[in-house]
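Structure file input.cif with mmCIF, C-alpha atoms:
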```
data_query
loop_
_atom_site.label_atom_id
_atom_site.label_comp_id
_atom_site.auth_asym_id
_atom_site.auth_seq_id
_atom_site.Cartn_x
_atom_site.Cartn_y
_atom_site.Cartn_z
CA ASP N 659 109.55 199.22 169.23
CA ILE N 660 111.59 196.25 167.98
CA ASP N 661 111.87 193.28 170.31
CA HIS N 662 115.55 192.41 169.94
CA HIS N 663 116.50 188.86 170.80
CA ILE N 664 120.26 189.48 170.75
CA ILE N 665 122.07 192.77 171.40
CA GLY N 666 125.81 193.24 170.94
CA ILE N 667 127.74 196.25 172.24
CA THR N 668 131.40 196.93 171.46
CA GLU N 669 133.59 199.47 173.24
CA SER N 670 131.53 199.08 176.39
CA TRP N 671 134.25 200.72 178.52
CA ALA N 672 133.16 198.46 181.38
CA THR N 673 135.66 197.53 184.09
CA PRO N 674 135.73 194.82 186.78
CA ASP N 675 134.69 197.51 189.28
CA ILE N 676 131.30 197.71 187.54
CA SER N 677 129.09 194.83 188.65
CA ASP N 678 126.83 192.80 186.37
CA ALA N 679 123.85 194.10 188.32
CA GLU N 680 124.65 197.63 187.09
CA LEU N 681 124.95 196.59 183.43
CA GLY N 682 122.22 193.95 183.27
CA MET N 683 119.01 194.38 181.29
CA THR N 684 115.67 192.97 182.44
CA GLY N 685 114.69 189.92 180.39
CA TYR N 686 118.21 189.28 179.09
CA VAL N 687 121.18 187.14 180.10
CA MET N 688 124.40 189.14 179.88
CA PHE N 689 127.83 187.92 178.72
CA ARG N 690 130.68 190.40 179.01
CA LYS N 691 134.41 190.65 178.40
CA ASP N 692 136.09 193.75 179.79
CA ARG N 693 139.41 195.16 178.68
CA LEU N 694 141.88 194.66 181.51
CA GLY N 695 144.66 197.07 182.49
CA ARG N 696 143.70 199.83 180.05
CA ARG N 697 140.78 202.16 179.50
CA GLY N 698 138.14 201.66 176.83
CA GLY N 699 137.30 198.63 174.72
CA GLY N 700 135.32 195.67 175.99
CA VAL N 701 132.22 193.88 174.69
CA ILE N 702 128.80 192.98 176.11
CA LEU N 703 126.40 190.46 174.58
CA TYR N 704 122.77 190.36 175.74
CA ILE N 705 120.61 187.34 174.85
CA LYS N 706 116.91 186.99 175.65
CA GLU N 707 116.17 184.78 178.63
CA SER N 708 113.72 182.80 176.48
CA ILE N 709 116.62 181.65 174.28
CA GLN N 710 118.68 178.68 175.43
CA ALA N 711 122.27 180.01 175.37
CA TYR N 712 125.51 179.39 177.20
CA GLU N 713 129.02 180.82 177.04
CA ILE N 714 131.80 178.71 175.53
CA LYS N 715 135.57 178.69 175.96
CA LEU N 716 137.83 178.41 172.94
CA GLU N 717 141.32 176.99 172.67
CA LYS N 718 143.94 179.08 174.50
CA GLU N 719 145.63 180.24 171.29
CA ALA N 720 142.24 181.51 170.08
CA GLU N 721 141.13 183.19 173.33
CA CYS N 722 140.73 186.86 172.34
CA GLU N 723 141.17 189.69 174.81
CA GLU N 724 137.95 191.46 173.78
CA ALA N 725 135.50 188.86 172.47
CA VAL N 726 132.71 186.74 173.88
CA TRP N 727 131.30 183.51 172.41
CA CYS N 728 128.00 181.73 173.10
CA ASN N 729 126.21 178.68 171.77
CA ILE N 730 122.52 179.10 171.07
CA VAL N 731 120.42 175.95 171.03
CA THR N 732 118.25 175.70 167.90
CA GLY N 733 116.30 172.47 167.78
CA ASN N 734 118.76 169.59 167.52
CA SER N 735 121.74 171.81 166.68
CA THR N 736 123.59 174.84 168.00
CA LEU N 737 124.56 178.16 166.50
CA THR N 738 127.72 179.86 167.76
CA VAL N 739 127.33 183.63 168.13
CA GLY N 740 130.41 185.76 168.70
CA LEU N 741 130.95 189.44 169.46
CA VAL N 742 134.41 190.91 168.81
CA TYR N 743 136.10 194.26 169.26
CA ARG N 744 139.37 194.67 167.38
CA SER N 745 141.22 197.80 168.45
CA PRO N 746 142.88 199.91 165.72
CA ASN N 747 146.02 199.76 167.90
CA ILE N 748 145.91 195.99 168.27
CA SER N 749 149.11 194.04 168.84
CA MET N 750 150.30 191.44 166.34
CA GLU N 751 149.78 188.71 168.94
CA GLU N 752 146.16 189.71 169.67
CA ASN N 753 145.43 190.13 165.95
CA GLU N 754 146.67 186.58 165.37
CA LYS N 755 144.38 185.33 168.16
CA ILE N 756 141.37 186.89 166.41
CA HIS N 757 142.36 185.13 163.20
CA ASN N 758 142.78 181.81 165.04
CA THR N 759 139.37 182.29 166.64
CA ILE N 760 137.64 182.86 163.32
CA LYS N 761 139.37 179.82 161.83
CA GLU N 762 138.13 177.67 164.74
CA VAL N 763 134.58 179.00 164.95
CA SER N 764 133.97 178.99 161.18
CA LYS N 765 134.16 175.19 161.17
CA GLN N 766 130.64 175.10 162.61
CA ASP N 767 127.39 177.04 162.16
CA CYS N 768 128.20 180.54 163.35
CA ILE N 769 127.51 184.26 163.23
CA ILE N 770 130.35 186.62 164.13
CA MET N 771 129.69 190.32 164.59
CA GLY N 772 131.56 193.31 165.91
CA ASP N 773 133.83 196.27 165.26
CA PHE N 774 136.88 194.91 163.41
CA ASN N 775 138.35 198.28 162.32
CA HIS N 776 139.22 197.09 158.83
CA GLY N 777 138.20 200.29 157.08
CA HIS N 778 140.05 199.78 153.80
CA ILE N 779 138.18 196.73 152.60
CA VAL N 780 135.63 197.26 149.82
CA TRP N 781 133.23 194.42 150.55
CA THR N 782 131.15 194.91 147.40
CA SER N 783 134.15 194.09 145.20
CA LEU N 784 136.19 192.12 147.77
CA GLN N 785 139.22 194.35 147.34
CA SER N 786 141.43 196.01 149.92
CA THR N 787 144.50 198.13 150.51
CA GLY N 788 146.96 197.55 153.31
CA ARG N 789 148.53 194.33 154.56
CA GLU N 790 146.29 193.73 157.62
CA ASP N 791 143.10 194.43 155.69
CA GLN N 792 144.13 192.06 152.90
CA GLU N 793 145.06 189.34 155.41
CA PHE N 794 141.64 189.66 157.06
CA LEU N 795 139.86 189.56 153.70
CA ASN N 796 141.82 186.42 152.79
CA LEU N 797 140.85 184.88 156.13
CA VAL N 798 137.15 185.52 155.56
CA GLN N 799 137.29 184.03 152.08
CA ASP N 800 139.43 181.04 153.10
CA SER N 801 136.99 180.32 155.95
CA PHE N 802 134.03 180.39 153.49
CA LEU N 803 132.29 183.12 155.49
CA SER N 804 129.77 185.60 154.11
CA GLN N 805 130.03 189.27 155.10
CA HIS N 806 126.66 191.06 155.10
CA VAL N 807 127.35 194.75 155.88
CA LEU N 808 127.97 196.68 152.67
CA GLU N 809 127.23 200.25 153.78
CA ALA N 810 129.44 202.53 155.87
CA THR N 811 129.04 202.21 159.63
CA ARG N 812 131.34 205.08 160.67
CA GLY N 813 132.09 207.98 158.35
CA GLU N 814 132.72 206.44 154.92
CA ASN N 815 134.14 203.17 156.25
CA VAL N 816 132.66 199.74 156.96
CA LEU N 817 134.17 199.06 160.38
CA ASP N 818 131.34 197.02 161.91
CA ILE N 819 130.59 193.76 160.14
CA VAL N 820 128.48 190.61 160.37
CA LEU N 821 129.95 187.29 159.25
CA SER N 822 128.10 184.00 158.89
CA SER N 823 129.07 180.46 157.96
CA GLN N 824 126.02 180.22 155.72
CA LYS N 825 124.76 183.17 153.74
CA GLU N 826 121.10 182.39 154.44
CA PHE N 827 121.61 182.71 158.23
CA VAL N 828 121.48 186.52 157.97
CA ASP N 829 118.73 188.55 156.33
CA ASN N 830 117.30 192.06 156.14
CA VAL N 831 120.45 193.96 157.20
CA LYS N 832 119.73 197.60 158.02
CA ILE N 833 122.15 200.38 158.93
CA CYS N 834 120.49 202.65 161.51
CA GLU N 835 121.35 205.91 163.25
CA PRO N 836 123.92 205.80 166.11
CA LEU N 837 122.62 205.11 169.59
CA GLY N 838 123.22 207.82 172.20
CA CYS N 839 126.66 209.42 171.94
CA SER N 840 128.17 206.64 169.81
CA ASP N 841 129.86 207.60 166.52
CA HIS N 842 129.10 204.21 164.96
CA ASN N 843 125.84 203.37 163.23
CA GLN N 844 123.70 200.55 164.58
CA ILE N 845 123.36 197.36 162.56
CA HIS N 846 120.01 195.56 162.70
CA PHE N 847 119.53 192.17 161.07
CA ILE N 848 117.48 189.00 161.28
CA ILE N 849 119.03 185.64 162.14
CA LYS N 850 117.26 182.84 160.28
CA VAL N 851 117.76 179.39 161.74
CA LYS N 852 115.52 176.38 161.68
CA GLY N 853 114.16 175.10 164.97
CA GLU N 854 111.97 172.17 165.81
CA ARG N 855 108.28 172.97 165.72
CA ASN N 856 105.54 171.60 167.92
CA ARG N 857 108.04 170.01 170.23
CA LYS N 858 109.00 171.59 173.51
CA ILE N 859 112.50 170.82 174.66
CA ARG N 860 113.39 171.78 178.20
CA TYR N 861 116.90 172.43 179.40
CA ARG N 862 118.50 172.63 182.80
CA ASN N 863 121.97 173.48 184.07
CA ASN N 864 124.47 170.63 184.05
CA PHE N 865 126.23 171.42 187.33
CA HIS N 866 128.48 168.34 186.98
CA LYS N 867 130.26 170.11 184.12
CA GLY N 868 130.35 173.58 185.68
CA ARG N 869 133.58 175.60 185.37
CA TYR N 870 133.90 176.29 189.08
CA LYS N 871 137.47 177.59 188.96
CA ASP N 872 136.42 180.29 186.48
CA MET N 873 133.38 180.96 188.65
CA ARG N 874 135.50 181.54 191.76
CA GLU N 875 137.93 183.78 189.86
CA TYR N 876 135.04 185.83 188.48
CA LEU N 877 133.45 186.35 191.91
CA ALA N 878 136.82 187.17 193.50
CA LYS N 879 137.25 190.15 191.14
CA ILE N 880 134.12 191.83 192.47
CA ASP N 881 134.73 194.56 195.04
CA TRP N 882 132.01 193.40 197.43
CA ASN N 883 132.71 196.10 200.03
CA ASN N 884 131.98 198.92 197.57
CA THR N 885 129.24 197.01 195.75
CA LEU N 886 127.25 196.39 198.95
CA LYS N 887 128.19 199.61 200.74
CA ASN N 888 125.23 201.53 202.21
CA LYS N 889 122.79 198.97 200.82
CA THR N 890 119.84 197.54 202.73
CA ALA N 891 119.66 193.82 203.47
CA THR N 892 117.12 193.37 200.68
CA GLU N 893 119.28 195.28 198.19
CA CYS N 894 122.33 193.24 199.20
CA TRP N 895 120.41 190.00 198.68
CA ASN N 896 119.15 191.11 195.24
CA ILE N 897 122.69 192.05 194.13
CA LEU N 898 124.12 188.77 195.45
CA LYS N 899 121.36 186.73 193.79
CA SER N 900 121.89 188.59 190.50
CA GLU N 901 125.63 187.84 190.55
CA ILE N 902 125.05 184.16 191.39
CA ASP N 903 122.50 183.82 188.59
CA CYS N 904 124.99 185.48 186.27
CA VAL N 905 127.89 183.13 187.06
CA VAL N 906 125.60 180.11 186.65
CA ASP N 907 124.54 181.36 183.20
CA LYS N 908 128.17 182.04 182.25
CA PHE N 909 129.96 178.98 183.61
CA VAL N 910 127.43 176.14 183.87
CA PRO N 911 126.38 174.56 180.53
CA LEU N 912 122.90 173.37 179.69
CA LYS N 913 121.64 169.88 179.01
CA LYS N 914 118.35 168.55 177.73
CA HIS N 915 115.87 167.69 180.42
CA GLY N 916 113.11 165.21 179.84
CA LYS N 917 111.65 161.93 180.89
CA ARG N 918 113.95 158.98 180.64
CA SER N 919 112.80 156.52 178.06
CA LYS N 920 111.71 153.25 179.57
CA LYS N 921 113.31 150.04 178.39
CA LYS N 922 111.10 148.17 176.00
CA HIS N 923 110.24 144.63 177.06
CA LEU N 924 108.91 141.85 174.91
CA SER N 925 105.36 140.79 175.68
CA LYS N 926 104.66 137.22 176.85
CA GLU N 927 102.92 136.53 173.57
CA ALA N 928 105.97 137.68 171.60
CA ILE N 929 108.25 135.48 173.71
CA ARG N 930 106.02 132.44 173.07
CA LYS N 931 106.14 133.10 169.33
CA ILE N 932 109.96 133.37 169.41
CA LYS N 933 110.17 130.03 171.22
#
```

In structure tokens, what does this structure look like?
Amino acid sequence: DIDHHIIGITESWATPDISDAELGMTGYVMFRKDRLGRRGGGVILYIKESIQAYEIKLEKEAECEEAVWCNIVTGNSTLTVGLVYRSPNISMEENEKIHNTIKEVSKQDCIIMGDFNHGHIVWTSLQSTGREDQEFLNLVQDSFLSQHVLEATRGENVLDIVLSSQKEFVDNVKICEPLGCSDHNQIHFIIKVKGERNRKIRYRNNFHKGRYKDMREYLAKIDWNNTLKNKTATECWNILKSEIDCVVDKFVPLKKHGKRSKKKHLSKEAIRKIK
């Protein structure tokens, strides 16, 4: 079995009625974005608990309906990881938001993956047919992004792709059989980033910068009556604790935690020499 550090799922079909406790995976922190008002769609990103990661908010004009973005701490830097689902019936407004998002995120170290439904792009020759496909291809090239999936992921088309700001970030891309009843192939790949060795950096939540308004809105959408119905006190507590842990992971950023450096003082001998 492969020990996956990051798992991305598009077309999750999750709704606000489904709690995080029902979708969560042991050992992973979950970040989700459900489609609202219509069936289908949605994305879920799972990141190993051992990885320092936190969700980020983009500018309003780049806030996609079905995408989630996280920063992963790697040594002294961060890597932005995004998961996007672009519906084949997408509106012009939402399509423009996806383009704005990619323009914004590509300015920093990033990996963007997902189902973009641009099936008429030939990535091996960087050619395309159709206006929307050509516009997306131009966007990828203008943003200096590398696209790593060259084999078909559904039928004869490359719908699911992996973009990176630096080509060497992604290695060993493999197209695998669909999982369960999905009609899309899985994409497995290795993310190669440099981290600091032999130095343990601890992080803790920075509650002073927590997004408490978003936290309250998120918790208000949960149907607590149905979620806790017919549950024992212990089960209710476990569900409540899971939801609280989830909102902290989603809406409270991390900061480095360590001993404060003491101010350096001159010795008496040094002071005498200065005099």

May I ask which of the residues N:Ser900, N:Asn815, N:Asn734, N:Asn758 is the closest one to N:Met683, counting only C-alpha atoms?
N:Ser900

Given the file shown, determine the residues that the PyMOL selection byres ((chain N and resi 765) around 10) selects; report them as a compact mmCIF listing (two decimals) with C-alpha atoms, keeping the file's coordinate frame.
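Contents of selection33.txt, as written:
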```
# COMPACT_ATOMS: atom_id res chain seq x y z
CA ILE N 760 137.64 182.86 163.32
CA LYS N 761 139.37 179.82 161.83
CA GLU N 762 138.13 177.67 164.74
CA VAL N 763 134.58 179.00 164.95
CA SER N 764 133.97 178.99 161.18
CA GLN N 766 130.64 175.10 162.61
CA ASP N 767 127.39 177.04 162.16
CA CYS N 768 128.20 180.54 163.35
CA SER N 801 136.99 180.32 155.95
CA PHE N 802 134.03 180.39 153.49
CA LEU N 803 132.29 183.12 155.49
CA SER N 823 129.07 180.46 157.96
```

Record the distance separating atom CA of N:Lys691 and atom CA of N:Val820, expressed in Å with one decimal.
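Going from atom CA of N:Lys691 over to atom CA of N:Val820 covers 19.0 Å.
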
Could you expand the PyMOL selection byres ((chain N and resi 845) around 10) into the explicit residues it covers here, written as a PyMOL selection string?
chain N and resi 666+771-772+807+811+818-820+831-836+842-844+846-847

Considering only C-alpha atoms, can you say which of N:Glu752, N:Asp829, N:Glu875, N:Glu901 comes closest to N:Glu721?
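When distances to N:Glu721 are compared using only C-alpha atoms, the smallest one comes from N:Glu752.
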
Students should find that atom CA of N:Ile770 and atom CA of N:Val726 are spaced 10.0 Å

Nearest residue to N:Leu912 from the set N:Ile660, N:Ile705, N:Val851, N:Cys728 (distances using only C-alpha atoms)
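That would be N:Cys728, the residue with the smallest distance to N:Leu912.
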